[in-house]
Each structure stands twice: as structure tokens, then as C-alpha cells.
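S.K.: Here you go, this is coords-v6.pdb (PDB, C-alpha atoms, pLDDT in the B column).
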```pdb
ATOM      1  CA  MET W   1     -19.099-140.822 -34.080  1.00 82.00           C
ATOM      2  CA  GLU W   2     -15.307-140.403 -34.024  1.00 85.00           C
ATOM      3  CA  TRP W   3     -15.549-138.784 -30.581  1.00 90.00           C
ATOM      4  CA  VAL W   4     -17.691-141.622 -29.210  1.00 95.00           C
ATOM      5  CA  ILE W   5     -15.114-144.170 -30.428  1.00 93.00           C
ATOM      6  CA  ARG W   6     -12.319-142.042 -28.931  1.00 93.00           C
ATOM      7  CA  PHE W   7     -14.142-141.945 -25.571  1.00 95.00           C
ATOM      8  CA  LEU W   8     -14.823-145.700 -25.527  1.00 96.00           C
ATOM      9  CA  ILE W   9     -11.300-146.725 -26.575  1.00 95.00           C
ATOM     10  CA  GLY W  10      -9.730-144.265 -24.120  1.00 94.00           C
ATOM     11  CA  GLY W  11     -11.932-145.489 -21.264  1.00 95.00           C
ATOM     12  CA  ALA W  12     -11.197-149.135 -22.062  1.00 95.00           C
ATOM     13  CA  VAL W  13      -7.399-148.767 -22.337  1.00 94.00           C
ATOM     14  CA  VAL W  14      -7.112-146.601 -19.211  1.00 92.00           C
ATOM     15  CA  SER W  15      -9.306-149.054 -17.255  1.00 92.00           C
ATOM     16  CA  ALA W  16      -7.229-152.039 -18.418  1.00 93.00           C
ATOM     17  CA  PHE W  17      -3.976-150.520 -17.125  1.00 92.00           C
ATOM     18  CA  ALA W  18      -5.725-149.397 -13.910  1.00 89.00           C
ATOM     19  CA  LEU W  19      -6.911-152.997 -13.318  1.00 89.00           C
ATOM     20  CA  LEU W  20      -3.352-154.252 -13.751  1.00 90.00           C
ATOM     21  CA  GLY W  21      -2.225-151.692 -11.197  1.00 87.00           C
ATOM     22  CA  ASP W  22      -4.927-152.936  -8.801  1.00 85.00           C
ATOM     23  CA  VAL W  23      -3.771-156.549  -8.800  1.00 89.00           C
ATOM     24  CA  VAL W  24       0.031-156.325  -8.771  1.00 90.00           C
ATOM     25  CA  ARG W  25       2.000-155.994  -5.544  1.00 86.00           C
ATOM     26  CA  PRO W  26       3.973-154.328  -3.968  1.00 88.00           C
ATOM     27  CA  LYS W  27       2.403-150.871  -4.173  1.00 79.00           C
ATOM     28  CA  SER W  28       5.471-149.105  -5.521  1.00 82.00           C
ATOM     29  CA  PHE W  29       5.477-151.601  -8.423  1.00 91.00           C
ATOM     30  CA  ALA W  30       1.740-151.111  -8.994  1.00 90.00           C
ATOM     31  CA  GLY W  31       2.437-147.375  -9.173  1.00 91.00           C
ATOM     32  CA  ILE W  32       4.249-147.889 -12.479  1.00 94.00           C
ATOM     33  CA  PHE W  33       0.838-148.603 -14.021  1.00 93.00           C
ATOM     34  CA  SER W  34      -0.448-145.225 -12.808  1.00 90.00           C
ATOM     35  CA  ALA W  35       1.896-143.792 -15.434  1.00 94.00           C
ATOM     36  CA  ALA W  36       1.108-146.291 -18.194  1.00 95.00           C
ATOM     37  CA  PRO W  37       0.902-145.029 -21.792  1.00 96.00           C
ATOM     38  CA  SER W  38      -2.860-145.623 -21.803  1.00 94.00           C
ATOM     39  CA  VAL W  39      -4.075-142.264 -23.163  1.00 94.00           C
ATOM     40  CA  ALA W  40      -1.181-142.200 -25.641  1.00 96.00           C
ATOM     41  CA  LEU W  41      -1.985-145.675 -27.022  1.00 96.00           C
ATOM     42  CA  ALA W  42      -5.668-144.820 -27.479  1.00 92.00           C
ATOM     43  CA  THR W  43      -5.001-141.381 -28.981  1.00 94.00           C
ATOM     44  CA  LEU W  44      -2.032-142.090 -31.246  1.00 95.00           C
ATOM     45  CA  ALA W  45      -3.683-145.017 -33.022  1.00 93.00           C
ATOM     46  CA  LEU W  46      -6.768-142.892 -33.785  1.00 92.00           C
ATOM     47  CA  THR W  47      -4.681-139.852 -34.733  1.00 94.00           C
ATOM     48  CA  VAL W  48      -2.579-141.782 -37.262  1.00 95.00           C
ATOM     49  CA  HIS W  49      -5.824-143.053 -38.799  1.00 93.00           C
ATOM     50  CA  GLY W  50      -7.415-139.593 -38.961  1.00 92.00           C
ATOM     51  CA  GLU W  51      -4.560-137.103 -39.392  1.00 94.00           C
ATOM     52  CA  GLY W  52      -1.599-139.150 -40.625  1.00 95.00           C
ATOM     53  CA  PRO W  53       1.673-140.348 -39.062  1.00 95.00           C
ATOM     54  CA  SER W  54       3.486-136.989 -39.295  1.00 95.00           C
ATOM     55  CA  TYR W  55       0.825-135.230 -37.178  1.00 95.00           C
ATOM     56  CA  ALA W  56       0.890-138.083 -34.628  1.00 96.00           C
ATOM     57  CA  ALA W  57       4.715-137.975 -34.497  1.00 96.00           C
ATOM     58  CA  THR W  58       4.524-134.258 -33.623  1.00 95.00           C
ATOM     59  CA  GLU W  59       2.158-135.165 -30.774  1.00 96.00           C
ATOM     60  CA  ALA W  60       4.602-137.834 -29.583  1.00 97.00           C
ATOM     61  CA  ARG W  61       7.445-135.288 -29.580  1.00 96.00           C
ATOM     62  CA  SER W  62       5.410-133.030 -27.266  1.00 97.00           C
ATOM     63  CA  MET W  63       4.583-136.028 -25.126  1.00 97.00           C
ATOM     64  CA  ILE W  64       8.254-136.049 -24.040  1.00 97.00           C
ATOM     65  CA  ALA W  65       7.596-132.759 -22.189  1.00 97.00           C
ATOM     66  CA  GLY W  66       4.288-134.084 -20.801  1.00 97.00           C
ATOM     67  CA  ALA W  67       5.952-137.257 -19.503  1.00 98.00           C
ATOM     68  CA  THR W  68       8.817-135.329 -17.894  1.00 97.00           C
ATOM     69  CA  ALA W  69       6.228-133.096 -16.194  1.00 98.00           C
ATOM     70  CA  MET W  70       4.398-136.207 -15.008  1.00 98.00           C
ATOM     71  CA  ALA W  71       7.575-137.569 -13.394  1.00 98.00           C
ATOM     72  CA  LEU W  72       8.029-134.229 -11.565  1.00 98.00           C
ATOM     73  CA  TYR W  73       4.356-134.198 -10.540  1.00 98.00           C
ATOM     74  CA  ALA W  74       4.460-137.763  -9.165  1.00 97.00           C
ATOM     75  CA  ALA W  75       7.752-137.138  -7.328  1.00 97.00           C
ATOM     76  CA  LEU W  76       6.328-134.035  -5.652  1.00 97.00           C
ATOM     77  CA  CYS W  77       3.068-135.805  -4.735  1.00 97.00           C
ATOM     78  CA  SER W  78       5.015-138.745  -3.271  1.00 96.00           C
ATOM     79  CA  ARG W  79       7.225-136.522  -1.165  1.00 96.00           C
ATOM     80  CA  ILE W  80       4.364-134.368   0.152  1.00 96.00           C
ATOM     81  CA  MET W  81       2.098-137.336   0.941  1.00 96.00           C
ATOM     82  CA  TRP W  82       4.909-139.126   2.773  1.00 94.00           C
ATOM     83  CA  ARG W  83       5.888-136.153   4.911  1.00 94.00           C
ATOM     84  CA  ILE W  84       2.932-133.792   5.361  1.00 94.00           C
ATOM     85  CA  PRO W  85      -0.449-134.662   6.928  1.00 93.00           C
ATOM     86  CA  ILE W  86      -2.627-133.423   4.078  1.00 93.00           C
ATOM     87  CA  SER W  87      -5.461-135.042   2.116  1.00 94.00           C
ATOM     88  CA  VAL W  88      -4.335-137.278  -0.778  1.00 95.00           C
ATOM     89  CA  LYS W  89      -7.142-135.889  -2.927  1.00 94.00           C
ATOM     90  CA  ILE W  90      -6.029-132.281  -2.384  1.00 96.00           C
ATOM     91  CA  VAL W  91      -2.352-133.033  -3.107  1.00 96.00           C
ATOM     92  CA  THR W  92      -2.996-135.028  -6.279  1.00 96.00           C
ATOM     93  CA  LEU W  93      -5.594-132.613  -7.694  1.00 96.00           C
ATOM     94  CA  ALA W  94      -3.722-129.398  -6.821  1.00 96.00           C
ATOM     95  CA  GLY W  95      -0.534-130.930  -8.260  1.00 96.00           C
ATOM     96  CA  LEU W  96      -2.190-131.110 -11.693  1.00 96.00           C
ATOM     97  CA  ALA W  97      -1.599-127.349 -11.989  1.00 96.00           C
ATOM     98  CA  LEU W  98       2.129-128.032 -11.527  1.00 96.00           C
ATOM     99  CA  TRP W  99       1.952-130.704 -14.228  1.00 97.00           C
ATOM    100  CA  LEU W 100       0.362-128.235 -16.666  1.00 97.00           C
ATOM    101  CA  ILE W 101       2.882-125.469 -15.920  1.00 97.00           C
ATOM    102  CA  ALA W 102       5.874-127.845 -16.172  1.00 97.00           C
ATOM    103  CA  ALA W 103       4.581-129.446 -19.393  1.00 97.00           C
ATOM    104  CA  LEU W 104       3.927-126.090 -21.089  1.00 97.00           C
ATOM    105  CA  ALA W 105       7.273-124.687 -19.891  1.00 97.00           C
ATOM    106  CA  GLY W 106       9.155-127.753 -21.158  1.00 96.00           C
ATOM    107  CA  TRP W 107       7.418-127.524 -24.522  1.00 96.00           C
ATOM    108  CA  ALA W 108       7.985-123.770 -24.859  1.00 95.00           C
ATOM    109  CA  LEU W 109      11.652-123.962 -23.857  1.00 94.00           C
ATOM    110  CA  PHE W 110      12.806-127.093 -25.668  1.00 90.00           C
ATOM    111  CA  LEU W 111      10.326-128.194 -28.302  1.00 89.00           C
ATOM    112  CA  ARG W 112       8.480-125.200 -29.794  1.00 86.00           C
ATOM    113  CA  GLY W 113       9.870-124.371 -33.198  1.00 73.00           C
ATOM    114  CA  SER W 114      12.136-127.433 -33.421  1.00 65.00           C
ATOM    115  CA  SER W 115      11.240-130.480 -35.481  1.00 55.00           C
TER     116      SER W 115
ATOM    117  CA  MET Y   1      11.408-158.111  -3.374  1.00 69.00           C
ATOM    118  CA  LYS Y   2       9.016-160.386  -5.226  1.00 81.00           C
ATOM    119  CA  VAL Y   3       6.323-159.053  -7.551  1.00 86.00           C
ATOM    120  CA  THR Y   4       2.999-160.849  -7.086  1.00 87.00           C
ATOM    121  CA  MET Y   5      -0.553-160.668  -8.411  1.00 88.00           C
ATOM    122  CA  ASP Y   6      -3.491-160.524  -6.012  1.00 82.00           C
ATOM    123  CA  VAL Y   7      -6.669-160.912  -8.082  1.00 82.00           C
ATOM    124  CA  ALA Y   8      -8.725-161.033  -4.869  1.00 78.00           C
ATOM    125  CA  ALA Y   9      -7.898-157.333  -4.422  1.00 74.00           C
ATOM    126  CA  LEU Y  10     -10.444-156.593  -7.160  1.00 74.00           C
ATOM    127  CA  ARG Y  11     -13.260-157.682  -4.834  1.00 74.00           C
ATOM    128  CA  GLY Y  12     -12.506-154.688  -2.621  1.00 70.00           C
ATOM    129  CA  THR Y  13     -13.301-152.289  -5.451  1.00 72.00           C
ATOM    130  CA  HIS Y  14     -16.872-151.084  -5.944  1.00 78.00           C
ATOM    131  CA  TRP Y  15     -18.222-151.085  -9.534  1.00 84.00           C
ATOM    132  CA  GLN Y  16     -18.678-147.306  -9.305  1.00 86.00           C
ATOM    133  CA  GLN Y  17     -14.920-146.901  -8.925  1.00 83.00           C
ATOM    134  CA  TYR Y  18     -14.381-148.836 -12.169  1.00 87.00           C
ATOM    135  CA  ALA Y  19     -16.995-146.647 -13.841  1.00 91.00           C
ATOM    136  CA  VAL Y  20     -15.281-143.477 -12.606  1.00 89.00           C
ATOM    137  CA  ARG Y  21     -11.945-144.623 -14.047  1.00 89.00           C
ATOM    138  CA  PHE Y  22     -13.548-145.592 -17.378  1.00 93.00           C
ATOM    139  CA  VAL Y  23     -15.264-142.209 -17.678  1.00 94.00           C
ATOM    140  CA  LEU Y  24     -12.107-140.313 -16.605  1.00 91.00           C
ATOM    141  CA  GLY Y  25     -10.004-142.244 -19.120  1.00 92.00           C
ATOM    142  CA  GLY Y  26     -12.537-141.599 -21.883  1.00 95.00           C
ATOM    143  CA  LEU Y  27     -12.787-137.898 -21.034  1.00 95.00           C
ATOM    144  CA  VAL Y  28      -9.011-137.379 -20.930  1.00 92.00           C
ATOM    145  CA  THR Y  29      -8.657-139.125 -24.310  1.00 94.00           C
ATOM    146  CA  LEU Y  30     -11.424-136.879 -25.683  1.00 94.00           C
ATOM    147  CA  CYS Y  31      -9.753-133.780 -24.210  1.00 94.00           C
ATOM    148  CA  ALA Y  32      -6.356-134.736 -25.669  1.00 92.00           C
ATOM    149  CA  GLY Y  33      -7.997-134.901 -29.112  1.00 93.00           C
ATOM    150  CA  ALA Y  34      -9.935-131.671 -28.594  1.00 95.00           C
ATOM    151  CA  VAL Y  35      -6.856-129.740 -27.403  1.00 96.00           C
ATOM    152  CA  ALA Y  36      -4.910-130.965 -30.454  1.00 95.00           C
ATOM    153  CA  LYS Y  37      -7.746-129.795 -32.752  1.00 94.00           C
ATOM    154  CA  LEU Y  38      -7.889-126.360 -31.057  1.00 96.00           C
ATOM    155  CA  PHE Y  39      -4.198-125.614 -30.442  1.00 95.00           C
ATOM    156  CA  GLY Y  40      -2.383-128.009 -32.779  1.00 95.00           C
ATOM    157  CA  PRO Y  41      -0.471-131.263 -32.196  1.00 95.00           C
ATOM    158  CA  GLY Y  42       2.349-129.489 -30.328  1.00 95.00           C
ATOM    159  CA  ILE Y  43       0.135-128.594 -27.377  1.00 96.00           C
ATOM    160  CA  GLY Y  44      -2.230-131.560 -27.808  1.00 95.00           C
ATOM    161  CA  GLY Y  45       0.665-133.998 -27.490  1.00 96.00           C
ATOM    162  CA  LEU Y  46       1.408-132.814 -23.964  1.00 97.00           C
ATOM    163  CA  PHE Y  47      -1.895-134.328 -22.857  1.00 96.00           C
ATOM    164  CA  LEU Y  48      -0.864-137.813 -24.028  1.00 96.00           C
ATOM    165  CA  ALA Y  49       1.046-137.927 -20.717  1.00 97.00           C
ATOM    166  CA  PHE Y  50      -1.642-136.288 -18.581  1.00 95.00           C
ATOM    167  CA  PRO Y  51      -1.899-138.014 -15.154  1.00 93.00           C
ATOM    168  CA  ALA Y  52      -5.364-139.207 -16.153  1.00 82.00           C
ATOM    169  CA  ILE Y  53      -6.332-141.517 -13.354  1.00 82.00           C
ATOM    170  CA  PHE Y  54      -3.528-140.945 -10.885  1.00 90.00           C
ATOM    171  CA  PRO Y  55      -5.562-138.715  -8.498  1.00 91.00           C
ATOM    172  CA  ALA Y  56      -8.456-141.214  -8.481  1.00 86.00           C
ATOM    173  CA  SER Y  57      -6.132-144.227  -8.019  1.00 87.00           C
ATOM    174  CA  ALA Y  58      -4.093-142.610  -5.234  1.00 91.00           C
ATOM    175  CA  THR Y  59      -7.238-141.547  -3.378  1.00 90.00           C
ATOM    176  CA  LEU Y  60      -8.654-145.069  -3.727  1.00 87.00           C
ATOM    177  CA  ILE Y  61      -5.436-146.652  -2.402  1.00 89.00           C
ATOM    178  CA  ALA Y  62      -5.384-144.326   0.623  1.00 91.00           C
ATOM    179  CA  LYS Y  63      -9.065-145.062   1.332  1.00 88.00           C
ATOM    180  CA  ARG Y  64      -8.580-148.848   1.102  1.00 84.00           C
ATOM    181  CA  GLU Y  65      -5.591-148.810   3.462  1.00 86.00           C
ATOM    182  CA  GLN Y  66      -7.469-146.583   5.890  1.00 86.00           C
ATOM    183  CA  GLN Y  67     -10.481-148.952   5.833  1.00 84.00           C
ATOM    184  CA  LYS Y  68      -8.221-151.966   6.447  1.00 82.00           C
ATOM    185  CA  LYS Y  69      -6.722-150.297   9.510  1.00 80.00           C
ATOM    186  CA  SER Y  70     -10.064-149.087  10.858  1.00 79.00           C
ATOM    187  CA  GLN Y  71     -11.347-152.705  10.729  1.00 78.00           C
ATOM    188  CA  GLN Y  72      -8.540-153.480  13.178  1.00 79.00           C
ATOM    189  CA  GLY Y  73      -9.641-150.578  15.379  1.00 76.00           C
ATOM    190  CA  LEU Y  74      -6.816-148.293  14.241  1.00 76.00           C
ATOM    191  CA  HIS Y  75      -7.009-144.863  12.661  1.00 77.00           C
ATOM    192  CA  GLY Y  76      -5.001-145.596   9.505  1.00 80.00           C
ATOM    193  CA  THR Y  77      -4.833-142.085   8.030  1.00 86.00           C
ATOM    194  CA  VAL Y  78      -1.027-141.970   7.972  1.00 89.00           C
ATOM    195  CA  ARG Y  79      -0.849-145.538   6.624  1.00 89.00           C
ATOM    196  CA  GLY Y  80      -3.287-144.633   3.834  1.00 91.00           C
ATOM    197  CA  ARG Y  81      -1.381-141.510   2.863  1.00 93.00           C
ATOM    198  CA  ARG Y  82       1.943-143.368   2.825  1.00 92.00           C
ATOM    199  CA  ALA Y  83       0.493-146.154   0.664  1.00 92.00           C
ATOM    200  CA  ALA Y  84      -0.533-143.462  -1.846  1.00 94.00           C
ATOM    201  CA  ALA Y  85       2.971-141.962  -1.586  1.00 94.00           C
ATOM    202  CA  LEU Y  86       4.499-145.346  -2.509  1.00 92.00           C
ATOM    203  CA  ASP Y  87       2.150-145.597  -5.485  1.00 92.00           C
ATOM    204  CA  ALA Y  88       3.294-142.113  -6.558  1.00 95.00           C
ATOM    205  CA  ALA Y  89       6.949-143.182  -6.236  1.00 94.00           C
ATOM    206  CA  GLY Y  90       6.176-146.008  -8.675  1.00 93.00           C
ATOM    207  CA  ALA Y  91       4.478-143.516 -10.995  1.00 95.00           C
ATOM    208  CA  VAL Y  92       7.752-141.528 -11.184  1.00 96.00           C
ATOM    209  CA  LEU Y  93       9.401-144.627 -12.674  1.00 96.00           C
ATOM    210  CA  GLY Y  94       6.478-145.251 -15.018  1.00 96.00           C
ATOM    211  CA  ALA Y  95       6.636-141.616 -16.191  1.00 97.00           C
ATOM    212  CA  THR Y  96      10.374-141.990 -16.869  1.00 97.00           C
ATOM    213  CA  GLY Y  97       9.500-144.964 -19.061  1.00 98.00           C
ATOM    214  CA  LEU Y  98       6.901-142.778 -20.803  1.00 97.00           C
ATOM    215  CA  VAL Y  99       9.681-140.459 -21.988  1.00 98.00           C
ATOM    216  CA  GLY Y 100      11.260-143.455 -23.756  1.00 98.00           C
ATOM    217  CA  PHE Y 101       7.843-144.422 -25.171  1.00 98.00           C
ATOM    218  CA  ALA Y 102       7.361-140.921 -26.609  1.00 98.00           C
ATOM    219  CA  LEU Y 103      10.894-140.755 -28.044  1.00 98.00           C
ATOM    220  CA  LEU Y 104      10.486-144.049 -29.869  1.00 98.00           C
ATOM    221  CA  VAL Y 105       7.069-143.129 -31.296  1.00 98.00           C
ATOM    222  CA  TRP Y 106       8.358-139.718 -32.421  1.00 97.00           C
ATOM    223  CA  ARG Y 107      11.363-141.187 -34.248  1.00 97.00           C
ATOM    224  CA  THR Y 108       9.753-144.261 -35.835  1.00 97.00           C
ATOM    225  CA  LEU Y 109       6.055-143.596 -36.452  1.00 95.00           C
ATOM    226  CA  SER Y 110       6.616-142.194 -39.943  1.00 92.00           C
ATOM    227  CA  ASN Y 111       8.735-145.190 -40.993  1.00 94.00           C
ATOM    228  CA  LEU Y 112       7.084-148.224 -39.420  1.00 96.00           C
ATOM    229  CA  PRO Y 113       3.499-149.550 -39.268  1.00 96.00           C
ATOM    230  CA  THR Y 114       1.532-147.926 -36.420  1.00 96.00           C
ATOM    231  CA  ALA Y 115       0.818-151.183 -34.589  1.00 96.00           C
ATOM    232  CA  VAL Y 116       4.506-152.182 -34.640  1.00 97.00           C
ATOM    233  CA  THR Y 117       5.575-148.737 -33.390  1.00 97.00           C
ATOM    234  CA  LEU Y 118       3.055-148.673 -30.539  1.00 97.00           C
ATOM    235  CA  LEU Y 119       3.868-152.229 -29.485  1.00 97.00           C
ATOM    236  CA  ALA Y 120       7.628-151.531 -29.542  1.00 98.00           C
ATOM    237  CA  ALA Y 121       7.105-148.284 -27.601  1.00 98.00           C
ATOM    238  CA  THR Y 122       5.094-150.107 -24.926  1.00 97.00           C
ATOM    239  CA  VAL Y 123       7.921-152.647 -24.624  1.00 98.00           C
ATOM    240  CA  VAL Y 124      10.381-149.736 -24.255  1.00 98.00           C
ATOM    241  CA  TRP Y 125       8.152-148.207 -21.538  1.00 98.00           C
ATOM    242  CA  LEU Y 126       8.347-151.485 -19.593  1.00 97.00           C
ATOM    243  CA  ALA Y 127      12.046-152.001 -20.402  1.00 98.00           C
ATOM    244  CA  ILE Y 128      12.831-148.640 -18.779  1.00 98.00           C
ATOM    245  CA  SER Y 129      10.336-148.684 -15.860  1.00 97.00           C
ATOM    246  CA  LEU Y 130      10.860-152.229 -14.588  1.00 95.00           C
ATOM    247  CA  PRO Y 131      14.688-152.183 -14.238  1.00 95.00           C
ATOM    248  CA  LEU Y 132      14.381-148.752 -12.603  1.00 95.00           C
ATOM    249  CA  TRP Y 133      11.972-150.250 -10.046  1.00 93.00           C
ATOM    250  CA  TRP Y 134      14.328-153.137  -9.268  1.00 92.00           C
ATOM    251  CA  TRP Y 135      17.284-150.759  -9.039  1.00 92.00           C
ATOM    252  CA  ARG Y 136      15.244-148.447  -6.767  1.00 87.00           C
ATOM    253  CA  LYS Y 137      14.360-151.399  -4.526  1.00 85.00           C
ATOM    254  CA  SER Y 138      17.999-152.412  -4.127  1.00 85.00           C
ATOM    255  CA  HIS Y 139      19.199-148.801  -3.628  1.00 79.00           C
ATOM    256  CA  PRO Y 140      16.598-147.142  -1.376  1.00 69.00           C
ATOM    257  CA  TRP Y 141      17.036-143.437  -0.766  1.00 60.00           C
ATOM    258  CA  ARG Y 142      15.968-141.462   2.277  1.00 54.00           C
ATOM    259  CA  ARG Y 143      12.562-139.801   2.230  1.00 54.00           C
TER     260      ARG Y 143
END
```
Can I see the file as C-alpha cells?
M.R.:
Amino acid sequence: MEWVIRFLIGGAVVSAFALLGDVVRPKSFAGIFSAAPSVALATLALTVHGEGPSYAATEARSMIAGATAMALYAALCSRIMWRIPISVKIVTLAGLALWLIAALAGWALFLRGSS
Amino acid sequence: MKVTMDVAALRGTHWQQYAVRFVLGGLVTLCAGAVAKLFGPGIGGLFLAFPAIFPASATLIAKREQQKKSQQGLHGTVRGRRAAALDAAGAVLGATGLVGFALLVWRTLSNLPTAVTLLAATVVWLAISLPLWWWRKSHPWRR
């Protein structure tokens, strides 16, 4: 049941921020909502309830590396899509590998072992 | 530049696209929880900033712009791709705000009620992202 609730809350929060991004203009401003804390809001509230605030705080600390990786990922996608005639779908999906590598590297270099 | 809301833009979105985003959001939230259970909160926390719907949103933006141009008898591929690039540029600013969100949650979650922490962190996310956007608009850099 916990997983069903997690799925529904996650879907609802992500959709709400995506809707906001759909209606605001200009596009560069709407893009801010593509990096909204939607998954974090849904997950952290449930995690505090299930695992306690200390566990959730550790997740938030790692999120710093994930968010930095997301900024790198979005910057690279923006630059490639502006300059190179390549499919948006390919750039954004292939770039997810960069996000994963950057996030794991950031965590391993700066956060693993520290508290 | 003025920020506006165009609710009519929602009419251009098919219900299936909303469903895709709901399912993607739900799945990423599930995955973030599952990764934390398997590998611990250190690795699981990375996925709290996973670009959950960015690929779907960017693709949708490019498609919409391309359709608009093709209705005028133009090709619109470059226009579509550049609209997605602008959205991605905004996402860089949003992601910078996410770093502030994460920092605040990390430092205060153990001391303050969860709802207060999450609300304050969301305000911090906006307080970082929005001024950055205005600053970026008044100081454009070359692409």
C-alpha cells in the first residue's frame, strides 16, 4: 500500500509543477518548473513518516549532488539543442547518463563518508 | 521581460500527455524510494533531483512549436529545438535553486516540523531561481 501511495503522490506533485510550467511564459521562465522539487517533496514527506527525519536528512544531503548534476545536464542539453541539429528526444534521454555519472561522482567525491 | 500565464495553452495538450507525466512522476518517486531501500539514503537521495519529466516536457515543447510553424506552412524543426533549449536554460536556474532546497532540508529537517521545513525549502528554491532568471534576462550571454 505504501508504494501505491508513493506512486500517486509522486504523480500528482510532478503533474502539478508540470502544469505550472505549461501555463507560464516566457519559455525560459517556464523551464524553472522543469527543475521543481516535485520528486523531493513527495519523497521526503513520506520518508520522514516511514524512516524518520535523520534518514530523510541524509537523502537531502545527497540531493545536493543530484541537483548539481541536474544543472550540468540541463546546461549541456540547452547548449546542444541550440547549436546542433539533433532530435530533442535523443539529447534529453542520452543526457540522463551524464546526470547519473555526475551525480554519483559528486556524491563519491564530496559526500560519501561525511555527515 | 514580463512573466505571464496563458491558461489557454493547456488546450493544446492531449490528455495522454498528462497521463504520461503522471505515470513518469509516480515511477520516478517509486524508484527514488526503491533505490534508497536497496543502496541506502546516500545513493537514494541523488534521485530526489532526477530530471523526472524534463525529457518528456522538452520533447512536448519542441513538438508544439513545430506544429505551430507547420500550420503556417513552415518547417519549424529549428524553432522547436530552440524552444526546448530555452526551456532547458530555465531548468539550469531551477536546478540551482534545488541545491538551496536540499541544503535547507538537510540542515533543518531534524530540528523543525517536516511541513515547515519543506515549505521553507520550496520558498528558498523560488527565492534562488527567480532572481537568477531576472538577472539572466538582463545580462544575456552568448550561445
S.K.: Name every residue that the PyMOL selection byres ((chain W and resi 3) around 10) selects in this structure, writing the answer as a list in words with chains first and numbers rising.
M.R.: Met1, Glu2, Val4, Ile5, Arg6, Phe7, Leu8 and Ile9 of chain W; Gly26, Leu27, Thr29, Leu30, Cys31, Gly33 and Ala34 of chain Y
S.K.: Could you write out as JSON, numbers by chain the residues of chain Y within 6 Å of chain W, counting all atoms listed in the file?
M.R.: {"Y": [3, 4, 5, 6, 7, 22, 23, 25, 26, 29, 30, 41, 42, 45, 46, 48, 49, 54, 55, 59, 81, 82, 85, 86, 87, 88, 89, 90, 91, 92, 94, 95, 98, 99, 102, 106, 110]}
S.K.: Would you save the residues of that selection, restricted to C-alpha atoms, as a JSON list (two decimals), keeping the file's coordinate frame?
M.R.:
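This is the output file result-v4.json:
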```json
[["chain", "number", "residue", "atom", "x", "y", "z"],
["Y", 3, "VAL", "CA", 6.32, -159.05, -7.55],
["Y", 4, "THR", "CA", 3.00, -160.85, -7.09],
["Y", 5, "MET", "CA", -0.55, -160.67, -8.41],
["Y", 6, "ASP", "CA", -3.49, -160.52, -6.01],
["Y", 7, "VAL", "CA", -6.67, -160.91, -8.08],
["Y", 22, "PHE", "CA", -13.55, -145.59, -17.38],
["Y", 23, "VAL", "CA", -15.26, -142.21, -17.68],
["Y", 25, "GLY", "CA", -10.00, -142.24, -19.12],
["Y", 26, "GLY", "CA", -12.54, -141.60, -21.88],
["Y", 29, "THR", "CA", -8.66, -139.12, -24.31],
["Y", 30, "LEU", "CA", -11.42, -136.88, -25.68],
["Y", 41, "PRO", "CA", -0.47, -131.26, -32.20],
["Y", 42, "GLY", "CA", 2.35, -129.49, -30.33],
["Y", 45, "GLY", "CA", 0.66, -134.00, -27.49],
["Y", 46, "LEU", "CA", 1.41, -132.81, -23.96],
["Y", 48, "LEU", "CA", -0.86, -137.81, -24.03],
["Y", 49, "ALA", "CA", 1.05, -137.93, -20.72],
["Y", 54, "PHE", "CA", -3.53, -140.94, -10.88],
["Y", 55, "PRO", "CA", -5.56, -138.72, -8.50],
["Y", 59, "THR", "CA", -7.24, -141.55, -3.38],
["Y", 81, "ARG", "CA", -1.38, -141.51, 2.86],
["Y", 82, "ARG", "CA", 1.94, -143.37, 2.82],
["Y", 85, "ALA", "CA", 2.97, -141.96, -1.59],
["Y", 86, "LEU", "CA", 4.50, -145.35, -2.51],
["Y", 87, "ASP", "CA", 2.15, -145.60, -5.48],
["Y", 88, "ALA", "CA", 3.29, -142.11, -6.56],
["Y", 89, "ALA", "CA", 6.95, -143.18, -6.24],
["Y", 90, "GLY", "CA", 6.18, -146.01, -8.68],
["Y", 91, "ALA", "CA", 4.48, -143.52, -11.00],
["Y", 92, "VAL", "CA", 7.75, -141.53, -11.18],
["Y", 94, "GLY", "CA", 6.48, -145.25, -15.02],
["Y", 95, "ALA", "CA", 6.64, -141.62, -16.19],
["Y", 98, "LEU", "CA", 6.90, -142.78, -20.80],
["Y", 99, "VAL", "CA", 9.68, -140.46, -21.99],
["Y", 102, "ALA", "CA", 7.36, -140.92, -26.61],
["Y", 106, "TRP", "CA", 8.36, -139.72, -32.42],
["Y", 110, "SER", "CA", 6.62, -142.19, -39.94]]
```
S.K.: Mind giving me the straight-line distance from CA of Thr77 (chain Y) to CA of Leu60 (chain Y) in Å, one decimal?
M.R.: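 Computed distance, CA of Thr77 (chain Y) to CA of Leu60 (chain Y), equals 12.7 Å.
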S.K.: Expand the PyMOL selection byres ((chain Y and resi 128) around 9) into the explicit residue set it covers here, and present it as a VMD selection string.
M.R.: chain Y and resid 93 to 94 96 to 98 100 123 to 127 129 to 133
S.K.: Return the single residue from Y:Ala84, Y:Leu38, Y:Ile43, Y:Thr114 that is closest to Arg64 (chain Y), with distances computed using all atoms listed in the file.
M.R.: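 The answer is Y:Ala84, which sits nearest to Arg64 (chain Y).
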S.K.: Interatomic distance between CA of Ala62 (chain Y) and CA of Leu98 (chain W)?
M.R.: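 CA of Ala62 (chain Y) sits 21.7 Å away from CA of Leu98 (chain W).
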S.K.: Which value, in Å to one decimal, gives the distance between CA of Trp135 (chain Y) and CA of Gly76 (chain Y)?
M.R.: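 Atom-to-atom, CA of Trp135 (chain Y) to CA of Gly76 (chain Y), that is 29.4 Å.
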S.K.: Select, from Y:Val78, Y:Ile61, Y:Leu104, Y:Val116, the residue with the minimum atom-to-atom distance to Gly12 (chain Y), counting only C-alpha atoms.
M.R.: Y:Ile61
S.K.: Need the axis-aligned box for region 37-50 of chain W with 3 Å each side, so what are the centre and edges in Å to one decimal, as AutoDock Vina command-line options?
M.R.:
```
--center_x -3.3 --center_y -142.6 --center_z -30.4 --size_x 14.3 --size_y 12.1 --size_z 23.2
```
